[in-house]
$ cat protein_18.txt   # compact mmCIF, C-alpha atoms
# COMPACT_ATOMS: atom_id res chain seq x y z
CA MET A 174 26.39 123.22 100.02
CA SER A 175 26.44 126.94 99.30
CA LYS A 176 28.82 128.35 96.77
CA ALA A 177 30.65 130.49 99.34
CA LEU A 178 31.35 127.51 101.59
CA ARG A 179 32.52 125.43 98.65
CA SER A 180 34.88 128.16 97.50
CA ILE A 181 36.29 128.47 101.06
CA PHE A 182 37.00 124.73 101.08
CA ILE A 183 38.69 124.96 97.68
CA PHE A 184 40.77 127.83 99.01
CA VAL A 185 41.83 125.80 102.07
CA ARG A 186 42.79 122.80 99.94
CA VAL A 187 44.81 124.91 97.51
CA GLY A 188 46.49 126.61 100.49
CA ILE A 189 47.50 123.24 101.93
CA ALA A 190 48.80 122.15 98.53
CA ALA A 191 50.79 125.36 98.26
CA ALA A 192 52.33 124.99 101.73
CA CYS A 193 53.36 121.40 101.08
CA ALA A 194 54.72 122.25 97.62
CA VAL A 195 56.75 125.12 99.06
CA ALA A 196 58.15 122.85 101.75
CA ALA A 197 59.16 120.21 99.20
CA ILE A 198 60.75 122.76 96.87
CA ILE A 199 62.68 124.54 99.62
CA MET A 200 64.03 121.25 100.94
CA ALA A 201 64.92 120.06 97.45
CA THR A 202 66.94 123.19 96.74
CA SER A 203 69.03 122.96 99.90
CA HIS A 204 72.66 122.53 98.91
CA TYR A 205 75.48 124.15 100.81
CA SER A 206 79.16 123.53 101.24
CA THR A 207 81.74 125.01 103.53
CA ASN A 208 85.45 124.79 104.22
CA PHE A 209 86.87 124.29 107.65
CA PHE A 210 90.38 123.22 108.52
CA GLY A 211 90.96 122.52 104.82
CA ILE A 212 88.13 119.96 104.74
CA THR A 213 85.23 120.65 102.44
CA MET A 214 81.93 119.76 104.04
CA GLU A 215 78.95 119.47 101.75
CA ALA A 216 75.34 119.28 102.85
CA LYS A 217 72.57 118.19 100.52
CA PHE A 218 69.14 116.87 101.34
CA GLN A 219 69.90 113.64 99.42
CA TYR A 220 72.46 112.65 102.04
CA THR A 221 69.74 111.99 104.62
CA PRO A 222 66.98 109.44 103.92
CA SER A 223 64.59 111.28 106.23
CA PHE A 224 64.87 114.46 104.19
CA LYS A 225 64.29 112.50 100.97
CA PHE A 226 61.14 111.01 102.53
CA PHE A 227 60.12 114.55 103.56
CA VAL A 228 60.39 115.85 99.99
CA ILE A 229 58.48 112.90 98.54
CA ALA A 230 55.72 113.00 101.19
CA ASN A 231 55.13 116.73 100.75
CA ALA A 232 55.08 116.37 96.97
CA ILE A 233 52.49 113.60 97.25
CA ALA A 234 50.36 115.62 99.68
CA SER A 235 50.49 118.68 97.45
CA ALA A 236 49.50 116.77 94.31
CA TYR A 237 46.75 114.93 96.22
CA ASN A 238 45.19 118.16 97.49
CA LEU A 239 45.21 119.69 94.02
CA VAL A 240 43.48 116.61 92.59
CA VAL A 241 40.88 116.41 95.37
CA VAL A 242 39.72 119.99 94.67
CA PHE A 243 37.91 118.62 91.60
CA VAL A 244 35.78 116.08 93.51
CA PRO A 245 32.16 117.34 93.60
CA THR A 246 30.55 117.54 97.03
CA GLY A 247 28.00 114.90 97.99
CA SER A 248 29.23 112.41 95.41
CA PRO A 249 30.07 108.85 96.58
CA LEU A 250 33.74 109.79 96.21
CA SER A 251 33.49 112.09 99.26
CA GLY A 252 33.73 109.16 101.69
CA LEU A 253 36.77 107.86 99.83
CA VAL A 254 38.28 111.35 99.97
CA ILE A 255 38.01 111.44 103.77
CA MET A 256 39.70 108.04 104.01
CA CYS A 257 42.51 109.10 101.68
CA ASP A 258 42.84 112.32 103.71
CA THR A 259 43.63 110.21 106.75
CA ILE A 260 46.24 108.23 104.84
CA VAL A 261 47.96 111.32 103.44
CA VAL A 262 47.94 113.01 106.88
CA MET A 263 49.63 109.94 108.31
CA LEU A 264 52.26 110.08 105.58
CA LEU A 265 52.91 113.75 106.28
CA THR A 266 53.15 113.31 110.04
CA GLY A 267 55.58 110.41 109.62
CA ALA A 268 57.76 112.57 107.39
CA MET A 269 57.61 115.51 109.81
CA ALA A 270 58.55 113.30 112.75
CA ALA A 271 61.52 111.71 110.98
CA THR A 272 62.78 115.09 109.72
CA GLY A 273 62.36 116.61 113.17
CA ALA A 274 64.43 113.85 114.75
CA ILE A 275 67.30 114.29 112.28
CA SER A 276 67.16 118.09 112.55
CA GLU A 277 67.44 117.92 116.33
CA LEU A 278 70.42 115.65 115.92
CA GLY A 279 72.07 118.01 113.45
CA LYS A 280 71.55 120.91 115.82
CA HIS A 281 72.65 119.33 119.09
CA GLY A 282 74.54 116.22 118.09
CA ASN A 283 74.72 113.19 120.32
CA ALA A 284 77.62 113.23 122.75
CA HIS A 285 77.19 109.59 123.75
CA ALA A 286 77.53 108.31 120.20
CA GLY A 287 80.34 110.69 119.32
CA TRP A 288 78.23 112.52 116.73
CA LEU A 289 79.11 116.19 116.42
CA PRO A 290 76.43 118.75 115.51
CA ILE A 291 76.75 120.09 111.99
CA CYS A 292 74.77 123.31 112.39
CA ASN A 293 77.81 125.05 113.83
CA GLN A 294 79.71 124.42 110.62
CA ILE A 295 76.96 124.98 108.07
CA GLN A 296 74.52 127.45 109.57
CA ALA A 297 72.94 128.35 106.20
CA TYR A 298 71.90 124.75 105.55
CA CYS A 299 70.21 124.48 108.94
CA ASP A 300 68.31 127.74 108.40
CA HIS A 301 67.21 126.62 104.96
CA VAL A 302 65.94 123.27 106.23
CA SER A 303 64.16 124.85 109.20
CA GLY A 304 62.30 127.18 106.82
CA SER A 305 61.10 124.15 104.89
CA ILE A 306 60.01 122.40 108.09
CA ILE A 307 58.00 125.45 109.20
CA SER A 308 56.15 125.57 105.89
CA ALA A 309 55.34 121.86 106.03
CA PHE A 310 54.20 122.22 109.65
CA VAL A 311 51.75 124.96 108.72
CA GLY A 312 50.37 122.84 105.87
CA LEU A 313 50.07 119.82 108.14
CA ILE A 314 48.21 121.65 110.93
CA VAL A 315 45.72 123.18 108.49
CA PHE A 316 45.27 119.78 106.83
CA VAL A 317 44.60 118.01 110.13
CA LEU A 318 42.08 120.66 111.23
CA PHE A 319 40.33 120.50 107.88
CA MET A 320 40.15 116.71 108.06
CA LEU A 321 38.69 116.84 111.59
CA TYR A 322 36.12 119.37 110.41
CA ASN A 323 35.12 117.07 107.54
CA ILE A 324 34.68 114.12 109.90
CA PHE A 325 32.53 116.18 112.29
CA LYS A 326 30.49 117.55 109.40
CA ILE A 327 29.70 114.09 108.05
CA VAL A 328 28.56 112.77 111.41
CA SER A 329 26.75 115.79 112.85
CA LEU A 330 24.48 116.08 109.81
CA ASP A 331 22.59 113.08 111.09
CA LEU A 332 22.98 114.01 114.77
CA HIS A 333 21.08 117.24 114.12
CA ALA A 334 18.45 115.42 112.11
CA CYS A 335 17.83 112.90 114.89
CA ARG A 336 17.27 115.43 117.66
CA MET B 34 16.26 97.02 113.30
CA ALA B 35 15.06 97.63 109.75
CA LEU B 36 17.70 97.18 107.09
CA GLU B 37 17.66 98.79 103.66
CA ASN B 38 18.06 95.52 101.79
CA GLY B 39 16.11 93.48 104.31
CA THR B 40 15.36 90.32 102.37
CA LYS B 41 18.94 89.71 101.28
CA SER B 42 20.31 90.11 104.81
CA ASP B 43 17.69 87.78 106.29
CA LEU B 44 18.60 85.06 103.83
CA GLU B 45 22.29 85.59 104.61
CA LEU B 46 21.84 85.51 108.38
CA ASP B 47 19.79 82.35 108.28
CA SER B 48 22.70 80.23 107.14
CA LYS B 49 25.17 79.04 109.74
CA TYR B 50 28.07 80.54 107.79
CA GLY B 51 26.35 83.91 107.84
CA GLN B 52 25.83 83.73 111.59
CA ILE B 53 29.44 82.83 112.30
CA LYS B 54 30.64 85.55 109.97
CA ALA B 55 28.39 88.13 111.65
CA LYS B 56 29.68 87.13 115.08
CA LEU B 57 33.31 87.41 114.00
CA VAL B 58 32.74 90.78 112.37
CA LYS B 59 31.14 92.01 115.58
CA GLN B 60 34.22 91.01 117.62
CA LEU B 61 36.65 92.55 115.13
CA PRO B 62 37.03 96.00 116.82
CA LEU B 63 37.62 94.41 120.22
CA ALA B 64 40.23 92.04 118.79
CA LEU B 65 41.99 94.93 117.06
CA ARG B 66 41.88 96.95 120.28
CA TRP B 67 43.48 94.08 122.26
CA LEU B 68 46.12 93.69 119.57
CA ALA B 69 46.90 97.41 119.66
CA LEU B 70 47.11 97.27 123.45
CA ILE B 71 49.57 94.39 123.43
CA ALA B 72 51.66 95.94 120.64
CA THR B 73 52.00 99.40 122.21
CA THR B 74 52.70 98.00 125.68
CA THR B 75 55.39 95.71 124.26
CA ALA B 76 56.96 98.61 122.38
CA ALA B 77 56.99 100.88 125.44
CA ILE B 78 58.44 98.24 127.75
CA GLY B 79 60.89 96.92 125.15
CA MET B 80 62.41 100.33 124.47
CA GLY B 81 62.11 101.44 128.10
CA LEU B 82 64.31 98.59 129.29
CA ASN B 83 66.74 98.99 126.42
CA LYS B 84 70.26 99.30 127.77
CA GLN B 85 73.61 97.83 126.90
CA SER B 86 76.99 98.34 128.50
CA LYS B 87 80.35 97.49 127.07
CA THR B 88 83.70 97.57 128.83
CA SER B 89 86.77 97.99 126.70
CA VAL B 90 90.37 98.85 127.23
CA VAL B 91 91.04 102.44 126.15
CA ALA B 92 94.66 102.87 127.16
CA ILE B 93 97.58 101.06 128.69
CA VAL B 94 99.59 103.02 131.25
CA GLY B 95 102.86 101.25 131.89
CA THR B 96 101.71 97.67 132.37
CA GLN B 97 98.21 98.50 133.64
CA PRO B 98 95.33 98.57 131.16
CA ILE B 99 92.68 101.21 131.79
CA SER B 100 89.22 100.13 130.86
CA GLN B 101 86.13 102.23 130.50
CA THR B 102 82.49 101.26 130.39
CA PHE B 103 80.43 102.62 127.51
CA THR B 104 76.69 102.48 127.95
CA ALA B 105 73.98 102.80 125.33
CA LYS B 106 70.65 103.77 126.90
CA PHE B 107 67.43 104.89 125.34
CA GLN B 108 67.48 108.10 127.38
CA GLN B 109 70.47 109.36 125.41
CA THR B 110 68.39 109.93 122.28
CA PRO B 111 65.39 112.32 122.44
CA ALA B 112 63.62 110.38 119.68
CA PHE B 113 63.70 107.19 121.75
CA VAL B 114 62.45 109.05 124.83
CA TYR B 115 59.52 110.36 122.79
CA PHE B 116 58.95 106.82 121.47
CA VAL B 117 58.64 105.39 124.99
CA ALA B 118 56.36 108.24 126.08
CA ALA B 119 54.13 107.95 123.00
CA ASN B 120 53.71 104.19 123.31
CA ALA B 121 53.10 104.46 127.07
CA VAL B 122 50.33 107.00 126.45
CA ALA B 123 48.82 104.80 123.73
CA SER B 124 48.89 101.66 125.88
CA PHE B 125 47.28 103.55 128.77
CA TYR B 126 44.58 104.82 126.40
CA ASN B 127 43.95 101.31 125.06
CA ILE B 128 43.81 99.85 128.58
CA MET B 129 41.27 102.49 129.57
CA LEU B 130 39.12 101.80 126.54
CA VAL B 131 39.18 98.04 127.09
CA LEU B 132 38.30 98.42 130.80
CA LEU B 133 35.61 101.08 130.31
CA ARG B 134 34.01 99.28 127.39
CA PRO B 135 30.38 99.29 128.64
CA PHE B 136 30.37 103.10 128.90
CA PHE B 137 31.10 103.71 125.24
CA LYS B 138 27.92 102.76 123.42
CA GLY B 139 26.06 105.33 121.38
CA ARG B 140 26.81 107.66 118.49
CA GLU B 141 28.33 110.62 120.35
CA ASN B 142 30.65 108.31 122.25
CA ALA B 143 31.57 106.53 119.04
CA LEU B 144 32.54 109.89 117.55
CA TRP B 145 34.70 110.77 120.55
CA VAL B 146 36.40 107.35 120.38
CA HIS B 147 37.05 107.95 116.69
CA ILE B 148 38.65 111.36 117.26
CA LEU B 149 40.76 110.15 120.20
CA ASP B 150 41.80 107.11 118.17
CA LEU B 151 42.99 109.44 115.43
CA VAL B 152 45.01 111.53 117.88
CA ILE B 153 46.60 108.53 119.57
CA MET B 154 47.39 106.92 116.23
CA VAL B 155 49.17 110.06 115.08
CA ILE B 156 51.16 110.22 118.32
CA VAL B 157 52.30 106.60 118.00
CA ALA B 158 53.05 107.01 114.29
CA THR B 159 55.24 110.06 114.87
CA GLY B 160 57.11 108.22 117.62
CA ALA B 161 57.70 105.30 115.29
CA ALA B 162 58.80 107.58 112.45
CA ALA B 163 61.28 109.54 114.54
CA THR B 164 62.71 106.35 116.03
CA THR B 165 63.01 104.80 112.58
CA SER B 166 65.09 107.70 111.33
CA MET B 167 67.38 107.53 114.37
CA ALA B 168 67.63 103.74 114.06
CA GLU B 169 68.59 104.01 110.38
CA LEU B 170 71.25 106.50 111.36
CA GLY B 171 72.57 104.26 114.11
CA LYS B 172 72.72 101.33 111.72
CA ASP B 173 74.22 102.97 108.64
CA GLY B 174 75.75 106.16 109.97
CA ASN B 175 76.11 109.24 107.79
CA VAL B 176 79.39 109.54 105.93
CA HIS B 177 78.87 113.19 105.01
CA ALA B 178 78.30 114.35 108.56
CA ARG B 179 81.03 112.07 109.88
CA TRP B 180 78.62 110.21 112.12
CA ASN B 181 79.74 106.64 112.64
CA PRO B 182 77.22 103.82 113.03
CA ILE B 183 76.88 102.34 116.51
CA CYS B 184 75.04 99.08 115.77
CA ASP B 185 78.24 97.18 115.11
CA LYS B 186 79.38 97.89 118.66
CA PHE B 187 76.04 97.74 120.48
CA SER B 188 74.24 95.02 118.55
CA ALA B 189 71.92 93.95 121.41
CA PHE B 190 70.80 97.56 121.91
CA CYS B 191 69.98 97.83 118.22
CA LEU B 192 68.18 94.48 118.20
CA HIS B 193 65.96 95.29 121.17
CA GLY B 194 65.21 98.71 119.77
CA GLY B 195 64.33 97.14 116.44
CA MET B 196 61.93 94.70 118.07
CA ALA B 197 60.22 97.54 119.95
CA LEU B 198 59.98 99.49 116.71
CA ILE B 199 58.35 96.61 114.85
CA SER B 200 55.87 96.22 117.70
CA SER B 201 55.08 99.92 117.52
CA PHE B 202 54.47 99.68 113.77
CA VAL B 203 52.03 96.81 114.38
CA GLY B 204 50.26 99.00 116.97
CA THR B 205 50.05 101.90 114.51
CA LEU B 206 48.56 99.64 111.86
CA ASP B 207 45.99 98.33 114.35
CA LEU B 208 44.98 101.83 115.40
CA PHE B 209 44.71 102.80 111.75
CA LEU B 210 42.43 99.83 111.03
CA LEU B 211 40.31 100.79 114.04
CA ASN B 212 40.08 104.29 112.60
CA ILE B 213 38.90 102.99 109.25
CA HIS B 214 36.38 100.75 111.00
CA SER B 215 34.89 103.59 113.04
CA LEU B 216 34.87 105.87 109.98
CA VAL B 217 32.96 103.31 107.92
CA SER B 218 30.64 102.57 110.84
CA LEU B 219 29.84 106.27 111.41
CA HIS B 220 29.35 106.82 107.69
CA ARG B 221 26.94 103.88 107.47
CA SER B 222 25.01 104.99 110.55
CA VAL B 223 24.61 108.45 109.02
CA GLN B 224 23.18 106.98 105.86
CA GLY B 225 20.69 105.06 108.01
CA GLN B 226 21.84 101.58 107.02
CA GLN B 227 22.60 100.32 110.52
CA PRO B 228 23.23 101.64 114.03
CA VAL B 229 26.74 102.74 114.83
CA ASP B 230 29.19 100.09 116.05
CA PRO B 231 31.73 101.80 118.32
CA SER B 232 35.32 100.67 117.84
CA VAL B 233 35.92 99.57 121.42
$ encode --input "protein_18.txt" --output "structure tokens"
Amino acid sequence: MSKALRSIFIFVRVGIAAACAVAAIIMATSHYSTNFFGITMEAKFQYTPSFKFFVIANAIASAYNLVVVFVPTGSPLSGLVIMCDTIVVMLLTGAMAATGAISELGKHGNAHAGWLPICNQIQAYCDHVSGSIISAFVGLIVFVLFMLYNIFKIVSLDLHACR
Amino acid sequence: MALENGTKSDLELDSKYGQIKAKLVKQLPLALRWLALIATTTAAIGMGLNKQSKTSVVAIVGTQPISQTFTAKFQQTPAFVYFVAANAVASFYNIMLVLLRPFFKGRENALWVHILDLVIMVIVATGAAATTSMAELGKDGNVHARWNPICDKFSAFCLHGGMALISSFVGTLDLFLLNIHSLVSLHRSVQGQQPVDPSV
């Protein structure tokens, strides 16, 4: 593999790691409180298990991408890397889905269960969390596309050779 | 077909144990596909028919009690709606693959099956993840947001939803195993060890 292509792949991996790390850090620093009608309402990411899972999953994905940068191309570890890529993508998508569900609930509430939306009371918390979700989404999309490209690359090497 | 380590495989295949093992391994993708089909269909139907009504007295006017019916349906939660849609799409995909099995031999088709498997697995996994977060909320509530749990009042709704969720997790695991199988098979076919074995 040429040096330019290898450096592009390293750049993509580091970019994914950066996006996931930013998402985890932004979510972990979300802590807001507000007063309404004399009641103090506090919002932290630890109060929701989905957000805790989100932080952990993005931290794992970020560390994984930084470690994988050091795997040399063409070594037997490359096949294992593609498999672990799939696993980490699954982890990230699970975290994104769970966080998305809770965020939608916090924004709109659920009238049938008697759950009021909280974004009207603490708008800053909702903005903070949505920024984190956007960053993780960008990292996830780039990760999935990169993984698909790797799979196609592995298989089409032999397809071209056979024709 | 010429194998890399030809002598060892011939010796292995000659024994009866080797033959039975080879036959079982050959049927593994089809068995996993059937299992995924059953699991995703069960999940879609289980959550799609999930509904529980409860009538309770809310007020007493004079001597007459006024009762109201509270209904818990899956349509009231967007995450559950997505869950039903995702599992319905996955079960339709699995049905199609099982029915159109003879058309999917060959390396290009195996690659397409692999990619589509990946997409469908991600769809089902996200549905399961979103539903899990909503189910945890319905079971434990959230004290800080003043959201009360509902599973103590609608226990049958929660139970049916939980069964559908478990079934969906089994389907996700099956699709993941199919993914790993097709990845290994494609990798081996590229290295020239054996022809590709499509995961259908």
$ closest_residue --input "protein_18.txt" --among "A:Gly252, A:Gly273, A:Gly312, A:Gly287" --to "Thr159 of chain B" --atoms "only C-alpha atoms"
A:Gly273
$ residues_around --input "protein_18.txt" --residues "segment 169-176 of chain B" --least-positions-apart "2" --cutoff "9 Å" --atoms "all atoms listed in the file" --output "PyMOL selection string"
(chain A and resi 220-222+275+286) or (chain B and resi 164-167+178-185+191)
$ closest_atom_pairs --input "protein_18.txt" --of "chain A" --to "chain B" --cutoff "6 Å" --atoms "all atoms listed in the file" --output "CSV"
residue,atom,partner,partner_atom,distance
A:Gly267,CA,B:Ala162,CA,5.1
A:Ala270,CA,B:Ala163,CA,5.0
A:Ala271,CA,B:Ala163,CA,4.2
A:Ala274,CA,B:Ala163,CA,5.3
A:Trp288,CA,B:Trp180,CA,5.2
A:Asp331,CA,B:Val223,CA,5.5
$ residues_around --input "protein_18.txt" --residues "segment 294-299 of chain A" --least-positions-apart "4" --cutoff "10 Å" --atoms "only C-alpha atoms" --output "list in words"
Met200, Ser203, His204, Tyr205, Ser206, Thr207, Asn208, Phe209, Met214, Glu215, Ala216, Lys217, Phe218, Ser276, Gly279, Lys280, Pro290, Ser303, Gly304 and Ser305 of chain A
$ write_last_selection --input "protein_18.txt" --atoms "C-alpha atoms" --output "short mmCIF file (atom, residue, chain, number, x, y, z; two decimals), in the coordinates of the input"
data_model
loop_
_atom_site.label_atom_id
_atom_site.label_comp_id
_atom_site.auth_asym_id
_atom_site.auth_seq_id
_atom_site.Cartn_x
_atom_site.Cartn_y
_atom_site.Cartn_z
CA MET A 200 64.03 121.25 100.94
CA SER A 203 69.03 122.96 99.90
CA HIS A 204 72.66 122.53 98.91
CA TYR A 205 75.48 124.15 100.81
CA SER A 206 79.16 123.53 101.24
CA THR A 207 81.74 125.01 103.53
CA ASN A 208 85.45 124.79 104.22
CA PHE A 209 86.87 124.29 107.65
CA MET A 214 81.93 119.76 104.04
CA GLU A 215 78.95 119.47 101.75
CA ALA A 216 75.34 119.28 102.85
CA LYS A 217 72.57 118.19 100.52
CA PHE A 218 69.14 116.87 101.34
CA SER A 276 67.16 118.09 112.55
CA GLY A 279 72.07 118.01 113.45
CA LYS A 280 71.55 120.91 115.82
CA PRO A 290 76.43 118.75 115.51
CA SER A 303 64.16 124.85 109.20
CA GLY A 304 62.30 127.18 106.82
CA SER A 305 61.10 124.15 104.89
#
$ residues_around --input "protein_18.txt" --residues "Leu264 of chain A" --least-positions-apart "5" --cutoff "12 Å" --atoms "only C-alpha atoms" --output "CSV table (one decimal) with C-alpha atoms, keeping the file's coordinate frame"
chain,number,residue,atom,x,y,z
A,226,PHE,CA,61.1,111.0,102.5
A,227,PHE,CA,60.1,114.6,103.6
A,228,VAL,CA,60.4,115.8,100.0
A,229,ILE,CA,58.5,112.9,98.5
A,230,ALA,CA,55.7,113.0,101.2
A,231,ASN,CA,55.1,116.7,100.8
A,232,ALA,CA,55.1,116.4,97.0
A,233,ILE,CA,52.5,113.6,97.2
A,234,ALA,CA,50.4,115.6,99.7
A,235,SER,CA,50.5,118.7,97.4
A,237,TYR,CA,46.8,114.9,96.2
A,257,CYS,CA,42.5,109.1,101.7
A,258,ASP,CA,42.8,112.3,103.7
A,259,THR,CA,43.6,110.2,106.8
A,269,MET,CA,57.6,115.5,109.8
A,270,ALA,CA,58.6,113.3,112.8
A,271,ALA,CA,61.5,111.7,111.0
A,313,LEU,CA,50.1,119.8,108.1
A,317,VAL,CA,44.6,118.0,110.1
B,155,VAL,CA,49.2,110.1,115.1
B,158,ALA,CA,53.0,107.0,114.3
B,159,THR,CA,55.2,110.1,114.9
B,162,ALA,CA,58.8,107.6,112.4
$ closest_residue --input "protein_18.txt" --among "B:Asn127, B:Thr88, B:Ser232, B:Ala168" --to "Ile199 of chain B" --atoms "all atoms listed in the file"
B:Ala168
$ atom_distance --input "protein_18.txt" --atom1 "atom CA of Cys292 of chain A" --atom2 "atom CA of Val311 of chain A"
23.4 Å
$ atom_distance --input "protein_18.txt" --atom1 "atom CA of Met320 of chain A" --atom2 "atom CA of Lys138 of chain B"
24.1 Å
$ atom_distance --input "protein_18.txt" --atom1 "atom CA of Val146 of chain B" --atom2 "atom CA of Leu65 of chain B"
14.0 Å
$ residues_around --input "protein_18.txt" --residues "Val242 of chain A" --least-positions-apart "5" --cutoff "12 Å" --atoms "only C-alpha atoms" --output "PDB file with C-alpha atoms, in the frame of the given file"
ATOM      1  CA  ARG A 179      32.520 125.430  98.650  1.00  0.00           C
ATOM      2  CA  SER A 180      34.880 128.160  97.500  1.00  0.00           C
ATOM      3  CA  ILE A 181      36.290 128.470 101.060  1.00  0.00           C
ATOM      4  CA  PHE A 182      37.000 124.730 101.080  1.00  0.00           C
ATOM      5  CA  ILE A 183      38.690 124.960  97.680  1.00  0.00           C
ATOM      6  CA  PHE A 184      40.770 127.830  99.010  1.00  0.00           C
ATOM      7  CA  VAL A 185      41.830 125.800 102.070  1.00  0.00           C
ATOM      8  CA  ARG A 186      42.790 122.800  99.940  1.00  0.00           C
ATOM      9  CA  VAL A 187      44.810 124.910  97.510  1.00  0.00           C
ATOM     10  CA  GLY A 188      46.490 126.610 100.490  1.00  0.00           C
ATOM     11  CA  ILE A 189      47.500 123.240 101.930  1.00  0.00           C
ATOM     12  CA  ALA A 190      48.800 122.150  98.530  1.00  0.00           C
ATOM     13  CA  SER A 235      50.490 118.680  97.450  1.00  0.00           C
ATOM     14  CA  ALA A 236      49.500 116.770  94.310  1.00  0.00           C
ATOM     15  CA  TYR A 237      46.750 114.930  96.220  1.00  0.00           C
ATOM     16  CA  LEU A 250      33.740 109.790  96.210  1.00  0.00           C
ATOM     17  CA  SER A 251      33.490 112.090  99.260  1.00  0.00           C
ATOM     18  CA  VAL A 254      38.280 111.350  99.970  1.00  0.00           C
TER      19      VAL A 254
END
$ closest_residue --input "protein_18.txt" --among "B:Val152, B:Ala123, B:Ala189, B:Met129" --to "Lys87 of chain B" --atoms "all atoms listed in the file"
B:Ala189
